[in-house]
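A short worksheet on the structure shown next.
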There are 2 protein chains.
Amino acid sequence: METTAYAKDCPSRQILDRIGDTWSVLVVGMLADGPQRYSSLAKRIEGISPKMLTQTLRGLERDGLIGRTVYAEVPPRVDYELTILGLSLLDLVRALSRWAETHIGDVQAARVAYDNPGVRVSVSS
Amino acid sequence: METTAYAKDCPSRQILDRIGDTWSVLVVGMLADGPQRYSSLAKRIEGISPKMLTQTLRGLERDGLIGRTVYAEVPPRVDYELTILGLSLLDLVRALSRWAETHIGDVQAARVAYDNPGVRVSVSS
DNA sequence: CCGTATCCTCCTTGATACTG
DNA sequence: CAGTATCAAGGAGGATACGG
């Protein structure tokens with residue numbers, strides 16, 4: 001029952017959980033372009049609901065990956081930006097992207113092979 | 001509705017999905033020690049159910065990350081091992097671990113700060 | 001403008017019993 | 001030994017209406 005003492009404490013798992021989260025990665029990617037407001041992020045990240053956007057931003061802020069600045073203006077204005085730590089994570093995400101772009105071909109080929117057992121490529125007779 | 005054209009096609013997302021998966025990472029980590037049988041993995045990965053183990057192994061196999069070898073013996077014997085591609089992914093996972101170990105302190109400190117607003121560290125008066 | 005509150009649905013996972 | 005089949009439960013996420 002108590003199962004995975006591993007999953008909870010392990011630093012890698014905590015980071016993986018964040019990095020494995022779709023919206024978090026997208027938000028960090030967007031903020032790579034510079035500080036942005038809530039509404040800007042909402043518009044640019046297609047398909048995200050206010051609930052998920054807020055939830056994602058709070059999580060990233062809590063982990064010290066992004067900063068949140070409230071301007072005392074009317075109408076209200078809130079900017080989010082990457083922290084140094086967030087920029088460092090961005091590097092990591094980009095390393096991941098590089099790996100993905102390099103190897104996705106192999107993965108997809110493997111999938112095709114797995115899904116079509118016994119089929120030879122480009123051999124008709 | 002159709003939302004994220006992004007999420008589905010993007011190579012990064014596909015790899016992230018795999019890497020973000022707890023059991024997949026654990027299995028890959030176990031196989032870093034060399035080829036192993038199903039039962040060995042089941043025993044060493046605490047808390048995993050046969051269903052999830054099989055499901056995870058199939059997924060990794062389909063993506064070309066691990067190989068599966070069946071020996072015609074009695075009792076049955078099946079070995080799993082990392083492929084070259086799987087070893088490459090292992091490198092990536094280790095890079096992630098390194099980042100995590102390096103920065104987890106910052107993240108945890110940020111969390112404490114976030115969860116205890118206004119509290120100053122080590123200042124009692 | 002920047003969110004929060006609510007409801008609801010699906011999907012993943014877990015537990016467990018069983019088979020080739 | 002190496003899985004498969006089945007069922008139930010929980011939580012993550014989407015849609016949406018409303019508040020400061």
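Quick note on naming: the chains in the structure tokens go A, B, ... in the order shown, residues restart at 1 in each chain, and ligands are numbered from 1 in order of appearance.
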- Task: Identify all chain B residues at most 10 Å from chain D by counting only C-alpha atoms (C1' of nucleotides); ligands do not count. Present them as a list in words.
- Result: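 Within 10 Å of chain D on chain B, we get Met1, Arg37, Tyr38, Ser39, Pro50, Lys51, Leu53, Thr54, Val74, Pro75, Pro76, Arg77 and Val78 of chain B.
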- Message: With only C-alpha atoms (C1' of nucleotides) as the counted atoms, please give the residues lying no more than 10 Å from Leu90 in chain A, apart from itself and same-chain residues fewer than 4 positions off, as a list in words.
- Response: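 Contacts, in chain order: Ile19, Val25, Val28, Gly29, Leu31, Ala32, Leu65, Leu82, Ile84, Leu85, Gly86, Arg94, Ala95 and Leu96 of chain A.
Using only C-alpha atoms (C1' of nucleotides), the part of chain C that sits within 12 Å of chain B is made up of DT12, DT13, DG14, DA15, DT16 and DG20 of chain C.
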- Contacts of Leu60 in chain B at 9 Å (only C-alpha atoms (C1' of nucleotides); same-chain gap of 4+ positions) as a count of residues only: 10
- Could you tell me which of A:Ala110, A:Val119, A:Leu57, A:Leu89 comes closest to chain B if we count only C-alpha atoms?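 Comparing A:Ala110, A:Val119, A:Leu57, A:Leu89 against chain B, the winner is A:Ala110.
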- B:Ala42, B:Val27, B:Ile15, B:Leu87 ranked by distance to chain A, top pick (using only C-alpha atoms): B:Ile15
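One finds CA of Ala100 in chain B at 16.2 Å from CA of Asp21 in chain B.
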- Message: Set the distance at 12 Å and use only C-alpha atoms (C1' of nucleotides): which residues neighbour Ala109 in chain B once local chain neighbours fewer than 3 positions away are removed? I'd like the list as a ChimeraX atom specification.
- Response: /A:62-65,85 /B:103-106,112-116,121
- Using the chain letters and numbers from this document, which residues of chain B does DSSP assign to alpha helix (DSSP H), as an NGL selection string? :B and (5-9 or 11-19 or 22-31 or 38-44 or 50-62 or 84-115)
- Point-to-point distance in Å for CA of Glu81 in chain B and CA of Thr69 in chain B: 8.4 Å
- Point-to-point distance from C1' of DC11 in chain C to CA of Asp17 in chain B, Å rounded to tenths: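 Going from C1' of DC11 in chain C over to CA of Asp17 in chain B covers 15.0 Å.
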- Message: Using DSSP secondary structure from the backbone, list all strand (DSSP E) positions within range 14-123 of chain B, as a VMD selection string.
- Response: chain B and resid 36 to 37 66 to 71 77 to 82
- Query: Given the choices B:Leu16, B:Leu41, B:Cys10, B:Met30, which gets closest to chain A if the distance is worked out from only C-alpha atoms?
  - Reply: B:Leu16
- Message: Given only C-alpha atoms as the basis, pick out the residue of B:Ser40, B:Thr83, B:Ser88, B:Ser12 nearest to chain A.
- Response: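 Checking each candidate against chain A, we get B:Ser12 as the closest.
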